[in-house]
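This is entry07.txt (compact mmCIF, C-alpha atoms).
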# COMPACT_ATOMS: atom_id res chain seq x y z
CA MET U 572 -11.61 20.26 -8.13
CA GLU U 573 -9.06 21.69 -10.57
CA ARG U 574 -5.79 22.65 -8.98
CA LEU U 575 -3.53 24.87 -11.10
CA LEU U 576 -0.13 24.26 -9.54
CA SER U 577 1.57 20.93 -9.10
CA PHE U 578 5.02 19.55 -8.49
CA THR U 579 6.32 16.00 -8.03
CA LEU U 580 9.29 15.39 -5.77
CA LYS U 581 11.24 12.29 -4.82
CA ALA U 582 12.07 13.00 -1.19
CA ASN U 583 15.66 12.44 -0.19
CA GLU U 584 15.74 8.82 1.05
CA GLY U 585 11.95 8.94 1.00
CA LYS U 586 9.01 8.36 -1.28
CA LEU U 587 7.64 10.01 -4.41
CA PHE U 588 4.94 12.56 -3.69
CA ARG U 589 3.05 15.25 -5.56
CA VAL U 590 1.53 18.51 -4.34
CA LYS U 591 -1.38 20.14 -6.13
CA PHE U 592 -2.86 23.43 -4.99
CA ASN U 593 -4.10 26.89 -5.88
CA ILE U 594 -2.79 30.23 -4.67
CA ASN U 595 -4.97 33.00 -3.34
CA GLN U 596 -3.35 36.20 -2.03
CA LYS U 597 0.05 34.45 -1.69
CA LYS U 598 -1.52 31.72 0.41
CA ILE U 599 -1.99 27.99 -0.22
CA ARG U 600 -5.53 26.95 -1.16
CA ASP U 601 -7.07 23.52 -1.85
CA LEU U 602 -3.85 21.64 -1.08
CA GLN U 603 -3.74 17.98 -2.02
CA ILE U 604 -0.75 15.72 -1.32
CA THR U 605 -0.66 12.40 -3.18
CA GLY U 606 1.93 9.67 -3.52
CA ASP U 607 3.21 6.35 -2.26
CA PHE U 608 4.09 7.50 1.26
CA PHE U 609 2.63 6.18 4.52
CA VAL U 610 0.68 8.21 7.07
CA TYR U 611 -0.36 7.00 10.51
CA PRO U 612 -3.27 7.26 11.13
CA THR U 613 -3.80 6.66 7.40
CA ASP U 614 -6.57 9.20 6.81
CA ALA U 615 -4.75 11.95 8.75
CA ILE U 616 -3.23 13.30 5.52
CA GLU U 617 -6.45 15.33 5.24
CA ILE U 618 -5.67 17.00 8.59
CA VAL U 619 -2.26 18.02 7.20
CA GLU U 620 -3.77 19.28 3.93
CA ASN U 621 -6.52 21.25 5.69
CA GLY U 622 -4.09 22.63 8.27
CA LEU U 623 -1.81 24.02 5.56
CA ASN U 624 -4.60 25.71 3.63
CA GLY U 625 -4.26 29.45 4.16
CA CYS U 626 -0.54 29.16 4.95
CA LEU U 627 1.79 31.72 3.38
CA ILE U 628 4.09 30.23 0.76
CA ASP U 629 7.30 30.45 2.71
CA LYS U 630 9.73 27.59 3.38
CA GLU U 631 10.09 28.16 7.13
CA ILE U 632 6.42 28.91 7.74
CA ILE U 633 5.28 25.78 5.88
CA ASN U 634 7.82 23.57 7.65
CA ASN U 635 6.97 24.97 11.10
CA LEU U 636 3.24 24.63 10.55
CA PHE U 637 3.70 21.07 9.26
CA GLU U 638 5.65 20.18 12.42
CA LYS U 639 2.99 21.80 14.62
CA ILE U 640 0.12 19.95 12.93
CA THR U 641 1.80 16.54 13.01
CA ILE U 642 2.81 16.89 16.67
CA LYS U 643 -0.60 18.21 17.76
CA HIS U 644 -2.49 15.38 16.04
CA ASN U 645 0.13 12.69 16.72
CA ILE U 646 0.60 12.03 12.99
CA THR U 647 3.57 10.03 11.68
CA ILE U 648 4.50 10.41 8.03
CA ILE U 649 6.99 8.01 6.48
CA GLY U 650 8.25 9.06 3.08
CA PHE U 651 8.61 12.86 3.23
CA THR U 652 9.36 15.58 5.77
CA GLY U 653 8.05 19.10 6.31
CA LYS U 654 11.15 20.40 4.55
CA ASP U 655 10.44 18.16 1.53
CA LEU U 656 6.85 19.38 1.47
CA ALA U 657 7.91 23.03 1.65
CA LEU U 658 10.41 22.43 -1.18
CA ALA U 659 7.71 20.86 -3.37
CA ILE U 660 5.26 23.72 -2.73
CA LEU U 661 7.89 26.38 -3.41
CA SER U 662 9.03 24.54 -6.55
CA ALA U 663 5.47 24.39 -7.85
CA LYS U 664 5.14 28.14 -7.31
CA GLU U 665 8.51 28.87 -8.96
CA TRP U 666 7.62 26.82 -12.03
CA ASN U 667 4.36 28.72 -12.20
CA ASP U 668 6.22 32.05 -11.94
CA VAL U 669 8.52 31.25 -14.85
CA MET J 50 1.81 -14.38 24.70
CA ASN J 51 0.09 -17.49 23.35
CA GLU J 52 -2.64 -15.76 21.35
CA LYS J 53 -4.93 -17.95 19.29
CA TRP J 54 -4.99 -17.08 15.58
CA ARG J 55 -7.38 -17.87 12.77
CA VAL J 56 -5.93 -18.81 9.40
CA ILE J 57 -8.08 -18.28 6.33
CA ALA J 58 -6.71 -20.51 3.58
CA LEU J 59 -5.85 -19.27 0.10
CA SER J 60 -8.92 -18.00 -1.72
CA GLN J 61 -9.51 -15.99 -4.86
CA ASN J 62 -11.62 -12.82 -4.91
CA SER J 63 -12.13 -9.63 -6.85
CA GLY J 64 -10.02 -6.62 -5.84
CA ALA J 65 -12.96 -4.81 -4.23
CA MET J 66 -13.92 -7.91 -2.25
CA ASN J 67 -10.35 -8.52 -1.10
CA MET J 68 -10.13 -4.98 0.27
CA ALA J 69 -13.63 -5.23 1.77
CA ILE J 70 -12.73 -8.47 3.55
CA ASP J 71 -9.62 -6.90 5.09
CA GLU J 72 -11.70 -4.00 6.41
CA ALA J 73 -14.54 -6.20 7.66
CA VAL J 74 -12.15 -8.56 9.45
CA SER J 75 -10.38 -5.53 11.01
CA HIS J 76 -13.73 -4.39 12.39
CA PHE J 77 -14.51 -7.71 14.05
CA VAL J 78 -10.96 -8.32 15.33
CA ASN J 79 -11.05 -4.85 16.89
CA SER J 80 -14.27 -5.68 18.72
CA ASN J 81 -12.79 -9.03 19.86
CA GLU J 82 -15.53 -10.88 18.01
CA SER J 83 -12.97 -12.50 15.70
CA LEU J 84 -9.57 -14.00 16.35
CA PRO J 85 -6.44 -12.29 15.03
CA THR J 86 -6.34 -13.40 11.44
CA ILE J 87 -3.84 -14.53 8.84
CA ARG J 88 -5.39 -14.65 5.39
CA PHE J 89 -3.92 -15.71 2.05
CA TYR J 90 -5.51 -14.67 -1.21
CA THR J 91 -5.17 -14.09 -4.92
CA TRP J 92 -7.05 -11.82 -7.32
CA LYS J 93 -9.58 -12.70 -9.98
CA PRO J 94 -9.68 -10.90 -12.27
CA SER J 95 -6.19 -9.42 -12.13
CA CYS J 96 -6.28 -6.08 -10.36
CA VAL J 97 -4.40 -2.83 -9.94
CA THR J 98 -4.44 -1.47 -6.41
CA ILE J 99 -3.31 2.01 -5.50
CA GLY J 100 -2.16 3.28 -2.12
CA TYR J 101 -4.61 5.21 0.04
CA HIS J 102 -2.87 8.53 -0.72
CA GLN J 103 -2.40 8.08 -4.45
CA SER J 104 -4.40 9.59 -7.27
CA MET J 105 -6.10 6.99 -9.46
CA THR J 106 -5.96 9.20 -12.53
CA ASP J 107 -2.27 10.00 -11.99
CA GLU J 108 -1.26 6.38 -11.46
CA VAL J 109 -3.47 4.09 -13.51
CA ASP J 110 -4.57 3.83 -17.14
CA THR J 111 -8.13 2.92 -16.18
CA GLU J 112 -9.24 2.70 -19.83
CA LYS J 113 -6.57 0.11 -20.52
CA CYS J 114 -7.64 -1.78 -17.39
CA LYS J 115 -11.23 -1.85 -18.67
CA GLU J 116 -10.06 -3.08 -22.06
CA LEU J 117 -8.04 -5.90 -20.45
CA GLY J 118 -10.71 -6.74 -17.88
CA ILE J 119 -8.47 -5.72 -14.98
CA ASP J 120 -10.07 -4.36 -11.79
CA VAL J 121 -8.89 -1.19 -10.07
CA VAL J 122 -9.29 -0.43 -6.39
CA ARG J 123 -7.92 1.96 -3.77
CA ARG J 124 -6.42 0.25 -0.73
CA LEU J 125 -6.89 1.10 2.92
CA THR J 126 -3.11 1.18 3.22
CA GLY J 127 -0.51 3.62 1.95
CA GLY J 128 2.29 2.80 -0.45
CA GLY J 129 2.42 2.57 -4.20
CA SER J 130 0.39 1.19 -7.07
CA VAL J 131 0.64 -2.55 -7.66
CA TYR J 132 -0.40 -4.78 -10.55
CA HIS J 133 -1.72 -8.04 -9.06
CA ASP J 134 -1.69 -10.68 -11.77
CA SER J 135 -4.25 -13.39 -11.02
CA ASP J 136 -1.64 -16.15 -11.42
CA GLY J 137 1.40 -14.08 -10.55
CA GLU J 138 1.47 -13.72 -6.79
CA ILE J 139 0.31 -14.72 -3.35
CA THR J 140 -1.08 -11.93 -1.21
CA TYR J 141 -1.45 -12.15 2.54
CA SER J 142 -3.09 -10.02 5.19
CA ILE J 143 -2.38 -9.98 8.91
CA ILE J 144 -5.06 -8.40 11.06
CA ALA J 145 -4.50 -8.27 14.80
CA ARG J 146 -4.45 -5.98 17.80
CA GLN J 147 -1.47 -3.64 17.86
CA GLU J 148 -0.22 -5.01 21.18
CA LEU J 149 0.78 -8.25 19.44
CA PHE J 150 3.41 -6.38 17.46
CA GLU J 151 6.33 -4.05 17.97
CA LYS J 152 5.18 -0.50 18.64
CA GLY J 153 7.47 1.13 16.08
CA ILE J 154 6.10 1.14 12.54
CA ILE J 155 9.28 -0.01 10.78
CA GLU J 156 9.91 -2.57 13.54
CA SER J 157 6.44 -4.06 13.08
CA TYR J 158 6.95 -4.24 9.30
CA LYS J 159 10.21 -6.05 9.99
CA GLN J 160 8.51 -8.42 12.42
CA ILE J 161 5.84 -9.51 9.92
CA CYS J 162 8.25 -9.51 6.99
CA ALA J 163 10.43 -11.95 8.95
CA TRP J 164 7.65 -14.53 8.50
CA ILE J 165 7.87 -14.07 4.72
CA ILE J 166 11.66 -14.25 4.82
CA ASP J 167 11.45 -17.53 6.77
CA GLY J 168 9.03 -18.92 4.18
CA LEU J 169 11.31 -17.93 1.31
CA GLU J 170 14.34 -19.39 3.07
CA GLU J 171 12.46 -22.67 3.43
CA LEU J 172 12.30 -22.63 -0.38
CA GLY J 173 16.04 -22.06 -0.57
CA LEU J 174 15.88 -18.33 -1.31
CA LYS J 175 17.99 -15.96 0.75
CA ALA J 176 15.76 -12.98 1.43
CA GLU J 177 16.33 -9.76 3.36
CA PHE J 178 14.10 -7.03 4.76
CA LYS J 179 14.68 -3.69 3.06
CA PRO J 180 13.13 -0.80 4.99
CA ILE J 181 10.62 0.71 4.73
CA ASN J 182 8.44 -2.06 3.41
CA ASP J 183 10.18 -4.36 0.94
CA ILE J 184 11.79 -7.77 0.88
CA ILE J 185 14.61 -8.45 -1.54
CA VAL J 186 16.25 -11.57 -2.95
CA ASN J 187 19.60 -11.13 -4.68
CA ASN J 188 19.14 -7.35 -4.31
CA ARG J 189 15.88 -7.42 -6.24
CA LYS J 190 12.43 -6.78 -4.80
CA ILE J 191 10.27 -9.88 -4.42
CA SER J 192 7.71 -8.63 -1.91
CA GLY J 193 6.06 -5.28 -1.17
CA ASN J 194 4.09 -4.69 2.01
CA ALA J 195 1.76 -2.00 3.36
CA GLN J 196 0.32 -1.46 6.78
CA THR J 197 -2.45 0.62 8.29
CA ARG J 198 -3.26 1.15 11.94
CA ARG J 199 -6.83 1.97 12.86
CA ALA J 200 -8.42 1.93 16.29
CA ASN J 201 -6.39 -0.74 18.08
CA ILE J 202 -5.71 -2.79 14.97
CA ILE J 203 -2.79 -3.39 12.65
CA CYS J 204 -3.77 -4.50 9.17
CA GLN J 205 -0.77 -5.36 7.04
CA HIS J 206 -1.05 -6.84 3.61
CA GLY J 207 1.59 -7.64 1.07
CA THR J 208 2.43 -9.58 -2.03
CA ILE J 209 4.96 -12.28 -2.75
CA LEU J 210 5.69 -12.24 -6.47
CA TYR J 211 5.44 -15.67 -8.07
CA LYS J 212 5.95 -14.67 -11.71
CA LEU J 213 6.35 -11.35 -13.45
CA ASP J 214 4.32 -9.94 -16.32
CA VAL J 215 6.19 -6.71 -16.87
CA ALA J 216 4.52 -5.89 -20.18
CA THR J 217 0.99 -5.95 -18.71
CA MET J 218 2.18 -4.13 -15.61
CA PHE J 219 3.52 -1.29 -17.74
CA SER J 220 0.44 -1.15 -19.89
CA VAL J 221 -1.85 -0.47 -16.93
CA LEU J 222 0.35 1.58 -14.62
CA LYS J 223 0.70 5.11 -15.91
CA ILE J 224 4.16 5.63 -17.16
CA SER J 225 4.84 7.83 -20.16
CA LYS J 226 4.65 5.82 -23.35
CA GLU J 227 8.24 6.54 -24.34
CA LYS J 228 9.37 4.84 -21.17
CA ILE J 229 7.66 1.61 -22.14
CA SER J 230 10.66 0.37 -24.03
CA ASP J 231 12.65 -2.80 -23.87
CA LYS J 232 15.29 -0.80 -22.06
CA LEU J 233 12.99 0.08 -19.19
CA ILE J 234 11.47 -3.39 -19.05
CA LYS J 235 14.99 -4.78 -18.71
CA SER J 236 15.75 -2.30 -15.97
CA VAL J 237 12.63 -3.32 -14.03
CA GLU J 238 13.61 -6.95 -14.42
CA GLN J 239 16.93 -6.01 -12.91
CA ARG J 240 15.20 -4.39 -9.92
CA VAL J 241 12.33 -6.83 -9.38
CA THR J 242 12.35 -10.58 -9.19
CA SER J 243 9.88 -13.40 -8.60
CA ILE J 244 9.92 -16.90 -7.19
CA LYS J 245 9.88 -18.32 -10.75
CA ASN J 246 12.91 -16.22 -11.66
CA GLU J 247 14.79 -17.57 -8.71
CA GLY J 248 14.01 -21.25 -9.11
CA ASP J 249 11.70 -23.89 -10.54
CA ILE J 250 9.32 -23.87 -7.59
CA GLU J 251 5.65 -24.85 -7.78
CA PHE J 252 3.03 -22.29 -6.70
CA ASP J 253 1.53 -24.68 -4.14
CA LEU J 254 4.91 -25.26 -2.55
CA VAL J 255 5.30 -21.49 -2.06
CA TYR J 256 1.89 -21.29 -0.41
CA GLN J 257 2.62 -24.27 1.87
CA SER J 258 5.94 -22.77 2.84
CA LEU J 259 4.37 -19.39 3.70
CA LEU J 260 1.58 -21.11 5.59
CA LYS J 261 4.18 -22.93 7.66
CA SER J 262 6.31 -19.85 8.36
CA PHE J 263 3.35 -17.56 9.18
CA THR J 264 1.95 -20.06 11.69
CA LYS J 265 5.27 -21.14 13.23
CA ASN J 266 5.10 -21.13 17.04
CA LYS J 267 1.49 -19.93 16.92
CA ASP J 268 -1.62 -21.52 18.35
CA PHE J 269 -3.94 -21.42 15.35
CA GLU J 270 -6.96 -22.93 13.69
CA PHE J 271 -8.16 -22.82 10.10
CA GLY J 272 -11.38 -20.89 9.74
CA LYS J 273 -13.64 -19.01 7.37
CA LEU J 274 -15.17 -15.56 7.48
CA SER J 275 -17.99 -15.46 10.02
CA GLU J 276 -21.43 -14.63 8.66
CA PRO J 277 -21.31 -11.05 10.09
CA GLU J 278 -17.84 -10.56 8.55
CA TYR J 279 -19.08 -11.80 5.18
CA GLN J 280 -22.17 -9.58 5.31
CA LEU J 281 -20.10 -6.51 6.25
CA ALA J 282 -17.57 -7.32 3.50
CA LYS J 283 -20.37 -7.56 0.90
CA LYS J 284 -21.74 -4.22 2.07
CA LEU J 285 -18.28 -2.56 1.97
CA GLU J 286 -17.59 -4.07 -1.44
CA LYS J 287 -20.77 -2.56 -2.86
CA GLU J 288 -20.93 0.73 -0.97
CA LYS J 289 -17.21 1.57 -0.79
CA TYR J 290 -14.67 -0.38 -2.81
CA LEU J 291 -16.69 -0.56 -6.02
CA THR J 292 -17.55 3.15 -5.97
CA ASN J 293 -15.90 5.99 -7.84
CA ASP J 294 -16.27 8.10 -4.69
CA TRP J 295 -13.70 5.87 -2.98
CA ASN J 296 -11.53 4.79 -5.89
CA PHE J 297 -11.20 8.27 -7.38
CA LYS J 298 -11.26 10.24 -4.13
CA ARG J 299 -7.78 11.61 -4.90

Exercise: express the given structure as structure tokens:
Amino acid sequence: MERLLSFTLKANEGKLFRVKFNINQKKIRDLQITGDFFVYPTDAIEIVENGLNGCLIDKEIINNLFEKITIKHNITIIGFTGKDLALAILSAKEWNDV
Amino acid sequence: MNEKWRVIALSQNSGAMNMAIDEAVSHFVNSNESLPTIRFYTWKPSCVTIGYHQSMTDEVDTEKCKELGIDVVRRLTGGGSVYHDSDGEITYSIIARQELFEKGIIESYKQICAWIIDGLEELGLKAEFKPINDIIVNNRKISGNAQTRRANIICQHGTILYKLDVATMFSVLKISKEKISDKLIKSVEQRVTSIKNEGDIEFDLVYQSLLKSFTKNKDFEFGKLSEPEYQLAKKLEKEKYLTNDWNFKR
């Protein structure tokens, strides 16, 4: 699937990761997060991606939803935080807006 | 706890088969049909592996790999892309129930990496664990490690670099062409090291030293894959690790 927006971020004291997604009515669609981070359980990154689809592109909302999803599903991510993820998504949108 | 371990001696396999064996062994250790396992292996042909969450097309020049006869495969574990030269490293995997290790992820990395550090120290190299998942000698990375936890199992695999082939590594890992300069190659050589860089040490001596440190204070026996493990590994090799569906899933 083609995703129109992308941004690569080296998380502060973390790993390199890239977000790719589309926007529909100011909301995240088709989010994919790739990179050299670690997720436990390993395949739970798809739960995070699916959970954030439909989320408004807003720093606080993305971070809060990320926290909610990871706590609810007992997911540990080593390499980036919800704040890093929100920053990458907002940066991708800003670059697209330029 | 005096758990009995199985040690599978150094063997050489394709990238897809190496990943398939790790998954098949995980399955049978989880069901208690196989002993917790320490396996040593190398790669033939040379292979690029990518982390579970990476994008093959973003990370690897797959055309160049084809041209050079280098395999590509997605791992079960996270982490970054790695070029595994067929003569350039020893890879290990540890597959055991989680209760045999520290609960914390970083702590369990540290616990297993201590076995590597002991092996390197036996060779006269002063090595240190560098969180999250690296081991360094003289401030340069010599070993990268990656771990997955599934069901009740920890599967950790990692590489101990024996000799570096930076030029090939850069030709297959996707880095913009302008970065493939002597300057960058020098900078990688300043950040990464290998056993050969650190001393005139024979490959077999490295393996024997790791074998000794990994089995220290353990009740163990040498063994092979069981027939069911081998059959499952062959199936996973064909139906998963050799497929574009898996390797290009991201």

| message | Within 8 Å of chain U, which residues belong to chain J? Use all atoms listed in the file and report them as a PyMOL selection string. | response | chain J and resi 100-104+125-130+197-199+299

| message | Please list as a PyMOL selection string every residue within 8 Å of Asp655 (chain U), counting all atoms listed in the file and excluding residues in the same chain fewer than 6 positions away. | response | chain U and resi 580+582-583

| field | Shell of 10 Å around region 71-81 of chain J, only C-alpha atoms, local chain residues under 3 positions omitted, as a ChimeraX atom specification | value | /J:66-68,84-86,88,124-125,142-147,198-206,274-275,277-286

| field | Which of J:Gly207, J:Ile165, J:Thr111, J:Ser83 sits closest to Lys273 (chain J) [using all atoms listed in the file] | value |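 With all atoms listed in the file as the atom set, the closest residue is J:Ser83.
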
| said: Residues within 12 Å of (14.5, 1.3, 0.8), file coordinates, counting only C-alpha atoms: what are they? Give the list as a PyMOL selection string. | reply: (chain U and resi 583-586+649-650) or (chain J and resi 155+177-185+188-190+193)

Selected residues, C-alpha atoms, written as an mmCIF file, keeping the file's coordinate frame, please.
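Result saved to out-v8.cif:
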data_model
loop_
_atom_site.group_PDB
_atom_site.id
_atom_site.type_symbol
_atom_site.label_atom_id
_atom_site.label_comp_id
_atom_site.auth_asym_id
_atom_site.auth_seq_id
_atom_site.Cartn_x
_atom_site.Cartn_y
_atom_site.Cartn_z
ATOM 1 C CA ASN U 583 15.660 12.440 -0.190
ATOM 2 C CA GLU U 584 15.740 8.820 1.050
ATOM 3 C CA GLY U 585 11.950 8.940 1.000
ATOM 4 C CA LYS U 586 9.010 8.360 -1.280
ATOM 5 C CA ILE U 649 6.990 8.010 6.480
ATOM 6 C CA GLY U 650 8.250 9.060 3.080
ATOM 7 C CA ILE J 155 9.280 -0.010 10.780
ATOM 8 C CA GLU J 177 16.330 -9.760 3.360
ATOM 9 C CA PHE J 178 14.100 -7.030 4.760
ATOM 10 C CA LYS J 179 14.680 -3.690 3.060
ATOM 11 C CA PRO J 180 13.130 -0.800 4.990
ATOM 12 C CA ILE J 181 10.620 0.710 4.730
ATOM 13 C CA ASN J 182 8.440 -2.060 3.410
ATOM 14 C CA ASP J 183 10.180 -4.360 0.940
ATOM 15 C CA ILE J 184 11.790 -7.770 0.880
ATOM 16 C CA ILE J 185 14.610 -8.450 -1.540
ATOM 17 C CA ASN J 188 19.140 -7.350 -4.310
ATOM 18 C CA ARG J 189 15.880 -7.420 -6.240
ATOM 19 C CA LYS J 190 12.430 -6.780 -4.800
ATOM 20 C CA GLY J 193 6.060 -5.280 -1.170
#

Return as lines of an AutoDock Vina configuration file the centre and edge lengths, in Å with one decimal, of the box along x, y and z that encloses every atom of region 76-82 of chain J in the file, padded by 4 Å per side.
center_x = -13.2
center_y = -7.6
center_z = 16.1
size_x = 12.6
size_y = 14.5
size_z = 15.5

| Point-to-point distance from CA of Phe89 (chain J) to CA of Asp107 (chain J), Å rounded to tenths |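 If I compute the distance from CA of Phe89 (chain J) to CA of Asp107 (chain J), I get 29.3 Å.
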